[in-house]
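S.K.: If it helps, the file is called coords-v1.cif and holds mmCIF, C-alpha atoms and all ligand atoms:
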```cif
data_run
loop_
_atom_site.label_atom_id
_atom_site.label_comp_id
_atom_site.auth_asym_id
_atom_site.auth_seq_id
_atom_site.Cartn_x
_atom_site.Cartn_y
_atom_site.Cartn_z
CA MET A 27 74.48 76.95 90.59
CA ALA A 28 70.96 78.32 90.56
CA ASP A 29 69.58 79.09 94.02
CA GLY A 30 67.78 76.25 95.71
CA ASN A 31 68.64 73.74 92.97
CA GLU A 32 70.80 70.68 93.24
CA PRO A 33 74.23 71.31 91.71
CA ARG A 34 74.46 70.15 88.11
CA VAL A 35 76.54 67.04 87.48
CA PHE A 36 78.82 66.62 84.48
CA ARG A 37 80.97 63.87 83.02
CA ILE A 38 84.73 64.13 82.87
CA ARG A 39 86.64 61.89 80.49
CA VAL A 40 90.37 61.36 80.54
CA ARG A 41 91.84 60.92 77.10
CA GLY A 42 93.92 57.75 76.84
CA SER A 43 91.98 55.92 79.58
CA ASP A 44 88.48 54.52 79.92
CA VAL A 45 87.80 56.51 83.07
CA VAL A 46 84.65 58.61 83.13
CA ALA A 47 83.90 60.45 86.34
CA SER A 48 80.67 62.13 87.39
CA CYS A 49 81.53 65.47 88.84
CA ALA A 50 79.19 68.08 90.29
CA GLU A 51 79.82 71.70 89.50
CA THR A 52 80.65 72.20 93.18
CA GLU A 53 83.20 69.41 93.24
CA LYS A 54 86.86 69.35 92.20
CA ALA A 55 87.62 67.26 89.12
CA LEU A 56 90.49 65.41 90.80
CA ILE A 57 88.39 64.31 93.76
CA ALA A 58 85.68 63.02 91.39
CA LEU A 59 88.31 61.07 89.43
CA GLU A 60 89.66 59.54 92.64
CA GLN A 61 86.15 58.43 93.61
CA ALA A 62 85.54 56.94 90.15
CA VAL A 63 88.58 54.67 90.22
CA ALA A 64 88.53 51.68 92.56
CA PHE A 65 91.64 51.23 94.69
CA PRO A 66 94.29 49.96 93.86
CA ARG A 67 93.79 50.63 90.16
CA PRO A 68 96.11 53.45 89.15
CA LEU A 69 94.48 56.81 88.52
CA PRO A 70 94.92 58.26 85.03
CA VAL A 71 95.98 61.56 86.64
CA ASN A 72 98.65 61.87 89.38
CA VAL A 73 97.53 62.82 92.86
CA GLY A 74 99.62 64.85 95.25
CA CYS A 75 98.49 67.58 97.60
CA ARG A 76 94.89 67.92 96.28
CA LYS A 77 95.32 71.61 97.14
CA GLY A 78 96.71 73.28 94.04
CA GLY A 79 100.25 73.57 95.34
CA CYS A 80 102.32 70.69 94.01
CA GLY A 81 101.45 70.28 90.32
CA ALA A 82 101.01 66.49 90.44
CA CYS A 83 97.52 66.65 88.92
CA ARG A 84 98.41 69.04 86.08
CA VAL A 85 96.13 68.45 83.08
CA LYS A 86 95.28 69.98 79.76
CA VAL A 87 91.59 70.61 79.23
CA LEU A 88 90.73 69.47 75.70
CA SER A 89 87.06 70.42 75.78
CA GLY A 90 84.46 71.79 78.15
CA ASP A 91 83.96 74.75 80.46
CA TYR A 92 85.06 75.01 84.06
CA THR A 93 85.79 77.34 86.94
CA THR A 94 89.16 77.47 88.64
CA ILE A 95 90.27 78.34 92.14
CA LYS A 96 93.64 79.75 93.14
CA MET A 97 96.55 77.52 92.14
CA SER A 98 100.30 77.76 92.39
CA ARG A 99 101.83 79.76 89.55
CA ALA A 100 104.88 77.50 89.77
CA HIS A 101 102.83 74.84 87.99
CA VAL A 102 100.39 76.71 85.74
CA THR A 103 101.50 80.12 84.55
CA GLU A 104 98.94 82.70 83.45
CA GLN A 105 99.80 81.97 79.84
CA GLU A 106 99.45 78.23 80.33
CA GLU A 107 96.11 78.79 82.06
CA ALA A 108 94.95 80.70 78.96
CA GLU A 109 96.06 77.72 76.82
CA GLY A 110 93.84 75.37 78.85
CA TYR A 111 96.33 73.95 81.33
CA ALA A 112 95.01 73.52 84.86
CA LEU A 113 95.39 71.58 88.07
CA ALA A 114 92.64 68.97 88.26
CA CYS A 115 92.28 69.53 91.99
CA ARG A 116 91.49 73.23 91.38
CA ILE A 117 88.84 72.99 88.63
CA MET A 118 85.12 72.41 88.79
CA PRO A 119 83.10 71.60 85.68
CA LEU A 120 80.45 73.79 84.06
CA SER A 121 79.84 71.27 81.27
CA ASP A 122 80.99 67.80 80.28
CA MET A 123 84.75 67.88 79.89
CA GLU A 124 87.61 65.97 78.35
CA ILE A 125 91.03 66.31 79.94
CA GLU A 126 94.46 64.80 79.38
CA PRO A 127 97.30 64.36 81.90
CA ALA A 128 100.00 67.02 81.52
CA PHE A 129 102.24 66.27 84.48
CA LEU A 130 105.70 67.80 84.32
CA SER A 131 108.50 65.96 86.08
CA PRO A 132 110.74 68.20 88.20
CA ARG A 133 113.39 68.23 85.49
CA GLU A 134 110.87 69.00 82.72
CA ARG A 135 109.35 71.77 84.83
CA MET A 136 112.75 73.27 85.57
CA GLU A 137 113.77 73.18 81.92
CA MET A 138 110.47 74.62 80.73
CA ARG A 139 110.58 77.49 83.24
CA GLN A 140 114.15 78.28 82.29
CA ALA A 141 113.24 78.32 78.60
CA GLN A 142 110.29 80.62 79.35
CA LYS A 143 112.52 82.97 81.33
CA PHE A 144 114.95 83.05 78.43
CA ALA A 145 112.12 83.83 75.97
CA ASP A 146 110.87 86.81 78.05
CA MET B 209 125.85 72.99 129.05
CA SER B 210 127.62 70.77 126.62
CA GLN B 211 125.62 71.58 123.50
CA GLU B 212 127.14 74.75 122.15
CA GLY B 213 126.68 76.88 119.07
CA LEU B 214 123.44 76.02 117.32
CA LEU B 215 120.70 74.65 119.55
CA ARG B 216 117.66 73.73 117.45
CA PRO B 217 115.31 74.63 114.59
CA GLY B 218 113.73 77.97 115.44
CA ILE B 219 111.74 79.52 112.60
CA ALA B 220 110.18 78.24 109.37
CA GLN B 221 108.70 80.85 107.02
CA LEU B 222 106.18 79.27 104.67
CA ARG B 223 104.50 80.68 101.57
CA VAL B 224 100.77 80.09 101.38
CA LEU B 225 98.29 80.85 98.60
CA ASP B 226 95.42 81.99 100.84
CA MET B 227 96.16 83.38 104.29
CA ASP B 228 92.73 82.84 105.85
CA GLU B 229 92.64 79.19 104.83
CA ALA B 230 96.21 78.70 106.02
CA VAL B 231 95.53 80.25 109.43
CA LYS B 232 92.49 78.05 109.86
CA HIS B 233 94.56 74.97 109.03
CA TYR B 234 97.54 75.75 111.27
CA VAL B 235 95.59 77.21 114.19
CA GLU B 236 92.34 75.23 114.34
CA TYR B 237 93.48 71.89 112.98
CA LEU B 238 97.19 71.63 113.83
CA GLY B 239 96.54 73.55 117.03
CA LEU B 240 99.20 76.27 116.81
CA GLU B 241 98.65 79.52 118.71
CA PHE B 242 97.99 82.68 116.69
CA VAL B 243 100.61 85.19 117.88
CA SER B 244 100.19 88.20 115.58
CA LYS B 245 99.54 89.50 112.10
CA GLU B 246 101.84 92.34 111.11
CA ASP B 247 101.40 95.23 108.66
CA ASP B 248 103.24 93.41 105.86
CA GLY B 249 100.63 90.65 106.07
CA ARG B 250 102.82 87.97 107.63
CA VAL B 251 101.22 85.85 110.33
CA TYR B 252 103.21 84.54 113.32
CA LEU B 253 102.36 81.26 115.02
CA ARG B 254 103.68 79.25 117.94
CA ALA B 255 103.10 75.72 119.23
CA TYR B 256 101.73 75.53 122.76
CA ASP B 257 104.80 73.90 124.27
CA GLU B 258 107.33 76.30 122.73
CA PHE B 259 108.87 78.97 124.96
CA HIS B 260 109.69 81.62 122.39
CA ARG B 261 107.45 84.09 120.59
CA HIS B 262 106.95 82.30 117.29
CA SER B 263 108.22 79.38 115.25
CA VAL B 264 106.09 79.33 112.11
CA VAL B 265 105.64 82.40 109.91
CA LEU B 266 103.14 82.43 107.05
CA ARG B 267 103.52 84.73 104.05
CA GLU B 268 100.90 84.98 101.33
CA ALA B 269 102.32 84.49 97.81
CA ASP B 270 101.30 83.02 94.47
CA GLN B 271 103.59 79.98 94.88
CA ALA B 272 103.63 77.68 97.88
CA GLY B 273 106.92 76.59 99.47
CA LEU B 274 109.51 77.58 102.05
CA ASP B 275 111.14 81.04 102.23
CA PHE B 276 113.74 79.96 104.77
CA PHE B 277 114.45 77.72 107.74
CA ALA B 278 116.28 79.22 110.72
CA PHE B 279 118.29 77.74 113.57
CA LYS B 280 118.66 79.36 116.97
CA ALA B 281 122.14 79.76 118.46
CA ASP B 282 123.17 80.03 122.10
CA GLY B 283 124.38 83.63 121.71
CA GLN B 284 125.46 86.35 119.32
CA GLU B 285 129.08 85.31 119.72
CA ALA B 286 128.24 81.92 118.24
CA VAL B 287 126.39 83.54 115.32
CA ASP B 288 129.42 85.77 114.64
CA GLY B 289 131.67 82.71 114.73
CA PHE B 290 129.46 80.89 112.26
CA ARG B 291 129.45 83.90 109.94
CA LYS B 292 133.20 83.67 109.66
CA ARG B 293 133.16 79.92 109.06
CA ILE B 294 130.39 80.22 106.45
CA GLU B 295 132.26 82.94 104.58
CA ASP B 296 135.46 80.88 104.76
CA PHE B 297 133.52 78.00 103.18
CA GLY B 298 132.77 80.38 100.30
CA TYR B 299 129.13 81.34 100.81
CA THR B 300 127.86 84.92 100.90
CA VAL B 301 126.22 85.91 104.18
CA ASP B 302 123.62 88.68 104.40
CA ASP B 303 122.12 90.45 107.39
CA VAL B 304 118.53 90.72 108.50
CA PRO B 305 118.26 93.46 111.12
CA ALA B 306 116.72 93.00 114.54
CA GLY B 307 113.01 93.77 114.42
CA GLU B 308 112.46 92.57 110.86
CA MET B 309 110.29 90.10 112.70
CA PRO B 310 108.63 91.23 115.92
CA GLY B 311 110.42 90.19 119.08
CA THR B 312 113.32 88.78 117.10
CA GLY B 313 116.98 89.82 117.10
CA ALA B 314 119.35 90.16 114.16
CA ARG B 315 119.62 87.19 111.82
CA ILE B 316 122.17 86.14 109.24
CA GLY B 317 121.17 84.31 106.08
CA PHE B 318 122.82 82.39 103.27
CA THR B 319 121.89 79.97 100.49
CA VAL B 320 123.21 76.42 100.61
CA ALA B 321 124.06 74.31 97.55
CA SER B 322 120.57 72.78 97.36
CA GLY B 323 119.13 76.26 96.77
CA HIS B 324 117.61 76.71 100.23
CA ARG B 325 117.96 79.81 102.36
CA ILE B 326 119.09 79.02 105.89
CA GLU B 327 119.23 81.61 108.67
CA LEU B 328 120.85 81.75 112.11
CA TYR B 329 119.89 83.99 115.02
CA ALA B 330 120.52 84.22 118.74
CA ASP B 331 117.66 86.18 120.22
CA MET B 332 113.92 85.94 120.37
CA ASP B 333 111.61 87.13 123.13
CA LEU B 334 109.98 84.56 125.32
CA SER B 335 106.29 84.21 124.61
CA GLU B 336 103.82 85.87 126.95
CA ASP B 337 102.06 82.50 126.95
CA ALA B 338 105.22 80.44 127.34
CA PRO B 339 104.91 77.16 129.25
CA GLU B 340 105.05 77.63 133.02
CA THR B 341 108.36 77.14 134.77
CA ASN B 342 107.37 77.33 138.45
CA SER B 343 105.92 74.00 139.51
CA PRO B 344 104.44 73.85 136.02
CA MET B 345 101.28 72.30 134.70
CA ILE B 346 101.93 70.23 131.57
CA TRP B 347 100.11 72.88 129.55
CA LYS B 348 98.82 76.35 130.16
CA THR B 349 95.90 76.54 127.80
CA MET B 350 94.15 73.38 126.76
CA PRO B 351 95.80 71.96 123.59
CA ARG B 352 93.62 72.12 120.50
CA GLY B 353 93.26 70.16 117.26
CA MET B 354 96.18 67.84 116.57
CA ARG B 355 97.88 69.23 119.72
CA ALA B 356 101.19 70.04 117.97
CA GLN B 357 103.81 70.54 120.70
CA ARG B 358 106.54 72.10 118.61
CA MET B 359 107.76 72.75 115.10
CA ASP B 360 110.20 69.88 114.81
CA HIS B 361 112.10 69.59 111.52
CA CYS B 362 111.86 69.92 107.76
CA LEU B 363 112.75 67.78 104.76
CA LEU B 364 114.05 69.76 101.80
CA TYR B 365 114.59 68.70 98.17
CA GLY B 366 117.36 70.03 95.97
CA PRO B 367 120.59 69.29 94.10
CA ASN B 368 124.18 68.94 95.42
CA ILE B 369 123.33 67.23 98.67
CA GLU B 370 126.91 65.99 99.11
CA GLU B 371 127.99 69.60 99.40
CA VAL B 372 125.03 70.31 101.69
CA GLU B 373 126.18 67.51 103.98
CA LYS B 374 129.75 68.78 104.00
CA PHE B 375 128.55 72.29 104.82
CA PHE B 376 126.18 71.30 107.61
CA THR B 377 128.66 68.93 109.25
CA GLU B 378 131.90 70.86 108.81
CA VAL B 379 130.64 74.42 109.15
CA LEU B 380 127.45 74.26 111.24
CA ASP B 381 128.53 71.27 113.44
CA PHE B 382 125.62 68.98 112.57
CA HIS B 383 125.96 65.20 112.64
CA VAL B 384 124.30 62.61 110.40
CA PRO B 385 122.27 59.91 112.18
CA GLU B 386 121.02 58.34 108.94
CA ARG B 387 121.57 58.39 105.21
CA VAL B 388 120.42 56.63 102.04
CA ASP B 389 123.18 55.88 99.56
CA MET B 390 122.43 54.91 95.99
CA PRO B 391 125.00 53.32 93.70
CA ASP B 392 125.63 56.80 92.24
CA GLY B 393 126.06 58.57 95.57
CA ALA B 394 124.07 60.09 98.42
CA PHE B 395 120.31 60.13 97.84
CA ALA B 396 119.17 61.47 101.20
CA ILE B 397 120.66 62.67 104.50
CA TRP B 398 119.12 63.18 107.94
CA MET B 399 121.08 65.63 110.06
CA THR B 400 120.80 66.96 113.57
CA VAL B 401 122.49 69.66 115.62
CA SER B 402 120.97 68.32 118.85
CA ASN B 403 120.22 64.74 119.83
CA LYS B 404 116.88 64.46 118.08
CA ALA B 405 117.05 61.93 115.25
CA HIS B 406 116.83 64.85 112.80
CA ASP B 407 116.53 68.61 112.78
CA ILE B 408 116.75 68.90 109.00
CA ALA B 409 116.92 66.41 106.12
CA PHE B 410 117.64 66.62 102.41
CA VAL B 411 116.71 64.48 99.41
CA LYS B 412 118.47 64.77 96.06
CA HIS B 413 116.23 66.45 93.49
CA ASP B 414 116.71 68.33 90.21
CA GLU B 415 114.88 71.52 91.14
CA PRO B 416 116.57 73.68 93.77
CA GLY B 417 114.95 75.11 96.88
CA LYS B 418 111.97 72.78 97.25
CA LEU B 419 110.05 71.86 100.40
CA HIS B 420 109.01 68.26 100.94
CA HIS B 421 107.50 68.77 104.39
CA LEU B 422 107.50 70.75 107.58
CA ALA B 423 106.97 68.53 110.63
CA PHE B 424 105.31 69.06 113.99
CA PHE B 425 105.94 66.98 117.07
CA LEU B 426 103.05 65.19 118.76
CA GLN B 427 103.12 63.44 122.12
CA ASP B 428 102.68 59.83 121.03
CA TRP B 429 101.08 57.29 118.70
CA ASN B 430 97.66 57.94 120.22
CA ASP B 431 97.90 61.58 119.23
CA ILE B 432 98.91 60.50 115.72
CA GLY B 433 95.64 58.54 115.58
CA HIS B 434 93.75 61.56 116.89
CA ALA B 435 95.37 63.68 114.16
CA ALA B 436 94.19 61.16 111.52
CA ASP B 437 90.64 61.42 112.90
CA ILE B 438 90.82 65.20 112.49
CA MET B 439 92.07 64.86 108.90
CA THR B 440 89.09 62.75 107.88
CA HIS B 441 86.55 64.86 109.74
CA TYR B 442 87.75 68.15 108.26
CA ASP B 443 88.62 66.74 104.82
CA ILE B 444 92.33 67.51 105.11
CA SER B 445 94.24 65.99 102.20
CA ARG B 446 96.25 63.02 103.50
CA ASP B 447 99.32 61.74 101.69
CA LEU B 448 100.40 58.67 103.68
CA GLY B 449 100.03 57.14 107.13
CA PRO B 450 99.50 56.73 109.99
CA THR B 451 102.67 54.67 109.66
CA ARG B 452 106.24 54.56 110.89
CA HIS B 453 109.50 55.69 109.35
CA GLY B 454 112.27 53.10 109.46
CA ILE B 455 114.63 56.06 109.28
CA THR B 456 114.41 57.95 112.64
CA ARG B 457 111.75 55.36 113.72
CA GLY B 458 109.24 58.18 114.07
CA GLN B 459 105.51 57.54 113.90
CA THR B 460 103.99 59.73 111.28
CA ILE B 461 101.32 61.02 108.95
CA TYR B 462 102.07 63.08 105.85
CA PHE B 463 99.28 65.45 104.83
CA PHE B 464 98.85 68.79 103.09
CA ASP B 465 98.02 72.33 104.09
CA PRO B 466 95.46 74.24 101.96
CA SER B 467 98.25 75.58 99.73
CA GLY B 468 99.72 72.16 99.00
CA ASN B 469 102.67 72.40 101.39
CA ARG B 470 103.17 68.98 102.90
CA ASN B 471 102.99 68.79 106.69
CA GLU B 472 103.95 65.92 108.93
CA VAL B 473 102.85 65.05 112.42
CA PHE B 474 105.61 63.06 114.05
CA SER B 475 106.04 61.30 117.37
CA GLY B 476 108.75 59.15 118.90
CA GLY B 477 112.03 58.88 117.07
CA TYR B 478 115.20 57.69 118.75
CA THR B 479 117.86 59.72 120.51
CA ALA B 480 120.86 60.44 118.32
CA TYR B 481 124.04 61.12 120.27
CA LYS B 482 126.95 62.57 118.42
CA ASP B 483 129.17 59.53 119.00
CA HIS B 484 126.66 57.10 117.48
CA PRO B 485 127.54 55.71 114.07
CA THR B 486 125.47 56.70 111.03
CA ARG B 487 122.81 54.19 109.97
CA VAL B 488 123.08 53.64 106.21
CA TRP B 489 120.27 52.41 103.94
CA ASP B 490 120.86 51.01 100.47
CA HIS B 491 118.66 51.43 97.39
CA ASN B 492 116.95 48.07 97.91
CA SER B 493 115.66 48.97 101.35
CA VAL B 494 114.84 52.67 100.98
CA GLY B 495 111.09 51.88 100.78
CA ARG B 496 111.19 50.31 104.25
CA GLY B 497 113.40 53.18 105.41
CA ILE B 498 110.83 55.80 104.52
CA PHE B 499 107.56 53.89 105.11
CA TYR B 500 108.32 51.00 107.43
CA TYR B 501 104.95 49.24 107.19
CA GLU B 502 104.25 49.78 103.48
CA ARG B 503 107.88 48.90 102.60
CA GLN B 504 107.69 50.93 99.41
CA LEU B 505 107.66 54.58 98.44
CA ASN B 506 104.47 56.09 97.07
CA ASP B 507 104.64 58.14 93.84
CA ALA B 508 104.11 61.35 95.72
CA PHE B 509 107.18 60.91 97.93
CA LEU B 510 109.52 61.60 95.06
CA SER B 511 107.49 63.97 92.91
CA VAL B 512 105.25 66.11 95.11
CA VAL B 513 107.05 69.13 96.56
CA THR B 514 106.36 72.86 96.83
S1 LIG C 601 97.28 67.43 93.56
FE1 LIG C 601 98.79 68.96 94.02
S2 LIG C 601 98.24 70.51 92.59
FE2 LIG C 601 96.61 69.07 92.38
FE FE C 602 109.80 64.33 108.63
#
```
Show this structure as C-alpha cells.
Ligand code: FES
Ligand SMILES: [Fe+2]
M.R.:
Amino acid sequence: MADGNEPRVFRIRVRGSDVVASCAETEKALIALEQAVAFPRPLPVNVGCRKGGCGACRVKVLSGDYTTIKMSRAHVTEQEEAEGYALACRIMPLSDMEIEPAFLSPRERMEMRQAQKFAD
Amino acid sequence: MSQEGLLRPGIAQLRVLDMDEAVKHYVEYLGLEFVSKEDDGRVYLRAYDEFHRHSVVLREADQAGLDFFAFKADGQEAVDGFRKRIEDFGYTVDDVPAGEMPGTGARIGFTVASGHRIELYADMDLSEDAPETNSPMIWKTMPRGMRAQRMDHCLLYGPNIEEVEKFFTEVLDFHVPERVDMPDGAFAIWMTVSNKAHDIAFVKHDEPGKLHHLAFFLQDWNDIGHAADIMTHYDISRDLGPTRHGITRGQTIYFFDPSGNRNEVFSGGYTAYKDHPTRVWDHNSVGRGIFYYERQLNDAFLSVVT
C-alpha cells in the first residue's frame, strides 16, 4: 500500500460458485467472502477459526497475486504453499484473484500427510 | 478429605504460532495473569482465582494445538501409585524432572489411545499473587478482560475413545457424567475426577492428538455476555454462542485464539457426584446436547480442531 493512499481493492472469485467478493489489500480473503455472502446462505469456503490454525478455509489459488501471513504447517506445507495452496483467512490480495475450495477432511489430511511422510 | 488421588486439571501446554499475539489474547482479553517467560521461550500464565503458580503454558511452534494436559494429584505417593497402575494397563510412562517448569515438581507422562499426552504431578508452588486466605477479598487485583477465574477443562479429539474411557475410569479413577452413543458405539464422553460436570472430554475423530477447545471458567451468564462484548470489540473470531450446552448444562461461547486454537468461556454446569448415573444422549439429540438453543451442530464443531 502506497503511503497516504487508500488501500487498493480487488475482486476475489470462487470457482464453482457465483460469489465475487471485494477485498482490500489490507483485508483477509476469508473475511471479505463472509461479508459478501448474506446469512444464512452457505459460504463457498468453509469457515473455522479465521486465524490460520484449523485448515477449514484451505483453498487453492488459481490466479492472482497475494501476500500471506503465518499459518499452521499442519494444513499447508511449504511445498503446498509453493503450489498455490493457502488458508483464505491468511491471505490478502495484491490483484484480482480466483480461488477454489481445497478443504481436506480429517481423514484425507491424515492420509495425505502419511503419504508425504512415506515419500520423504 | 474424601477426594483422593487426582484432584483437578492443573496445566495445559498450548502451541501458538505467534507468541506476542497469543500473550495479548490470553492476558489482555481472557484476563489471565502473566507469570513469567523463560529462556526456552515458553510463557507461563495463571487465572486470577487460581492458587498455584501457573495453569496455562504457551509454546511457540509452527502448528497450533495441545502439547499435553496435566492433572494434579494430592501427593507424590498417589503419583507413584498411578505410575504402577498405568504401566500395568500397558502404557509406557516417562519422567519429567522437577524444575523442567519453574516452581513445578516432577511429572510423569504417557500417551493415551486417542494420541494425547497426559501428565500427572503432585507439587507446584503457590503463586505469590495467590488469592487471599485470611478474611479474604473476593479478588486481589481487579479482574481484567473476560475475567477468567480458572482454567477449567479441555475437549480433545482422537480415535479409540472406548479405550480412553476404560483407561480414565479404571486406571485414573474418573467417572463419566455424560456420554453420546451412536449406533456404532461411543461418539463422545465427558469425564471428571472431581464433582465438576467435566474435567476432560473426548470426541471420536480420525486424526489422533487433536484439540477441540481449552475452557476457562467465568462467574456467571452476565460474564459470558461481557466476554461476547469483548469479542466483538476486539475482533476476536467467534465460533458459536453465547448459548448453553445441554451436556453439562454450562453456559458458553466458543471462540478462537490468534493461532486458531479454540477457547471456551464457560459458566454454571451442574454438580456431578460419583454415585450419579451417567446421562446418555442418542444420535438424534446430540445437536441439542452440544448446543441447547440451536439444537443442531455447526459444521465447525466436527471439523475444526488444532
Ligand atoms: S478458518 Fe481456520 S485456518 Fe482459516
Ligand atoms: Fe467445554
S.K.: Up to 6 Å from chain B, what residues of chain A turn up? Count all atoms listed in the file and give them as a ChimeraX atom specification.
M.R.: /A:74-75,77-80,98-100,133
S.K.: Find the spatial neighbours of Leu88 (chain A), counting all atoms listed in the file, within a cut-off of 9 Å - ignore same-chain residues fewer than 2 positions away - and output them as a list in words.
M.R.: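 Listed by chain and then number, they are Arg41, Lys86, Gly90, Gly110, Met123, Glu124, Ile125 and Glu126 of chain A.
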S.K.: Using only C-alpha atoms, give me every residue within 12 Å of (86.2, 71.6, 88.0) in file coordinates, as a ChimeraX atom specification.
M.R.: /A:34-38,47-59,85,87,90-95,112-125
S.K.: Could you tell me which of B:Asn403, B:Asp248, B:Leu222, B:Val494 comes closest to Glu308 (chain B) if we count all atoms listed in the file?
M.R.: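 Answer, going by the shortest atom-to-atom distance: B:Asp248.
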S.K.: Would you name the residues within 12 Å of ligand FE 602 (chain C), counting all atoms listed in the file, and put them as a PyMOL selection string?
M.R.: chain B and resi 359-364+397-399+404-411+419-425+452-463+470-477+498-499+509
S.K.: How many Å lie between CA of Asn506 (chain B) and CA of Val264 (chain B), rounded to one decimal?
M.R.: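 That distance, rounded to one decimal, is 27.7 Å.
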S.K.: What's around Val388 (chain B) at 6 Å? Count all atoms listed in the file, leave out sequence neighbours fewer than 3 positions away in its own chain, and write the answer as a PyMOL selection string.
M.R.: chain B and resi 395-396+488-490
S.K.: With all atoms listed in the file as the counted atoms, please give the residues lying no more than 12 Å from Arg139 (chain A), apart from itself and same-chain residues fewer than 4 positions off, as a ChimeraX atom specification.
M.R.: /A:99-103,106,130,132-135,143-146 /B:415
S.K.: Can you list, as number ranges by chain, every protein, DNA or RNA residue that comes within 12 Å of region 294-305 of chain B when you count all atoms listed in the file, leaving out same-chain residues fewer than 6 positions away?
M.R.: B: 278, 287-288, 311-321, 323, 325-329, 331, 371-372, 374-381
S.K.: Could you dump the residues just selected with C-alpha atoms as a short mmCIF file (atom, residue, chain, number, x, y, z; two decimals), in the frame of the given file?
M.R.:
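After the write, again_21.cif holds the following:
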```cif
data_model
loop_
_atom_site.label_atom_id
_atom_site.label_comp_id
_atom_site.auth_asym_id
_atom_site.auth_seq_id
_atom_site.Cartn_x
_atom_site.Cartn_y
_atom_site.Cartn_z
CA ALA B 278 116.28 79.22 110.72
CA VAL B 287 126.39 83.54 115.32
CA ASP B 288 129.42 85.77 114.64
CA GLY B 311 110.42 90.19 119.08
CA THR B 312 113.32 88.78 117.10
CA GLY B 313 116.98 89.82 117.10
CA ALA B 314 119.35 90.16 114.16
CA ARG B 315 119.62 87.19 111.82
CA ILE B 316 122.17 86.14 109.24
CA GLY B 317 121.17 84.31 106.08
CA PHE B 318 122.82 82.39 103.27
CA THR B 319 121.89 79.97 100.49
CA VAL B 320 123.21 76.42 100.61
CA ALA B 321 124.06 74.31 97.55
CA GLY B 323 119.13 76.26 96.77
CA ARG B 325 117.96 79.81 102.36
CA ILE B 326 119.09 79.02 105.89
CA GLU B 327 119.23 81.61 108.67
CA LEU B 328 120.85 81.75 112.11
CA TYR B 329 119.89 83.99 115.02
CA ASP B 331 117.66 86.18 120.22
CA GLU B 371 127.99 69.60 99.40
CA VAL B 372 125.03 70.31 101.69
CA LYS B 374 129.75 68.78 104.00
CA PHE B 375 128.55 72.29 104.82
CA PHE B 376 126.18 71.30 107.61
CA THR B 377 128.66 68.93 109.25
CA GLU B 378 131.90 70.86 108.81
CA VAL B 379 130.64 74.42 109.15
CA LEU B 380 127.45 74.26 111.24
CA ASP B 381 128.53 71.27 113.44
#
```
S.K.: Tell me which of A:Asn72, A:Ser89, A:Gln140, A:Ser43 sits closest to ligand LIG 601 (chain C), counting all atoms listed in the file.
M.R.: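 Using all atoms listed in the file, ligand LIG 601 (chain C) sits closest to A:Asn72.
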S.K.: Could you check the closest approach to ligand LIG 601 (chain C) for each of A:Ala128, A:Met138, A:Cys83, A:Val46 and tell me which residue wins, using only C-alpha atoms and all ligand atoms?
M.R.: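 Of A:Ala128, A:Met138, A:Cys83, A:Val46, the one nearest ligand LIG 601 (chain C), counting only C-alpha atoms and all ligand atoms, is A:Cys83.
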S.K.: Complete region 352-363 of chain B with N, CA and C atoms (output as a compact mmCIF listing (two decimals), in the frame of the given file).
M.R.:
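result.txt, written as the output of this step:
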```txt
# COMPACT_ATOMS: atom_id res chain seq x y z
N ARG B 352 94.74 72.13 121.44
CA ARG B 352 93.62 72.12 120.50
C ARG B 352 94.01 71.31 119.26
N GLY B 353 93.02 70.81 118.55
CA GLY B 353 93.26 70.16 117.26
C GLY B 353 94.22 68.98 117.40
N MET B 354 95.22 68.96 116.54
CA MET B 354 96.18 67.84 116.57
C MET B 354 97.16 67.97 117.74
N ARG B 355 97.07 69.05 118.51
CA ARG B 355 97.88 69.23 119.72
C ARG B 355 99.38 69.22 119.40
N ALA B 356 99.77 69.95 118.33
CA ALA B 356 101.19 70.04 117.97
C ALA B 356 101.96 70.68 119.12
N GLN B 357 103.03 70.02 119.56
CA GLN B 357 103.81 70.54 120.70
C GLN B 357 104.91 71.48 120.27
N ARG B 358 105.49 71.21 119.11
CA ARG B 358 106.54 72.10 118.61
C ARG B 358 106.72 71.89 117.12
N MET B 359 107.27 72.91 116.47
CA MET B 359 107.76 72.75 115.10
C MET B 359 109.04 71.95 115.23
N ASP B 360 109.14 70.84 114.49
CA ASP B 360 110.20 69.88 114.81
C ASP B 360 111.35 69.82 113.81
N HIS B 361 111.04 69.73 112.53
CA HIS B 361 112.10 69.59 111.52
C HIS B 361 111.50 69.82 110.13
N CYS B 362 112.36 69.88 109.14
CA CYS B 362 111.86 69.92 107.76
C CYS B 362 112.67 68.98 106.90
N LEU B 363 112.06 68.56 105.80
CA LEU B 363 112.75 67.78 104.76
C LEU B 363 112.73 68.62 103.49
```
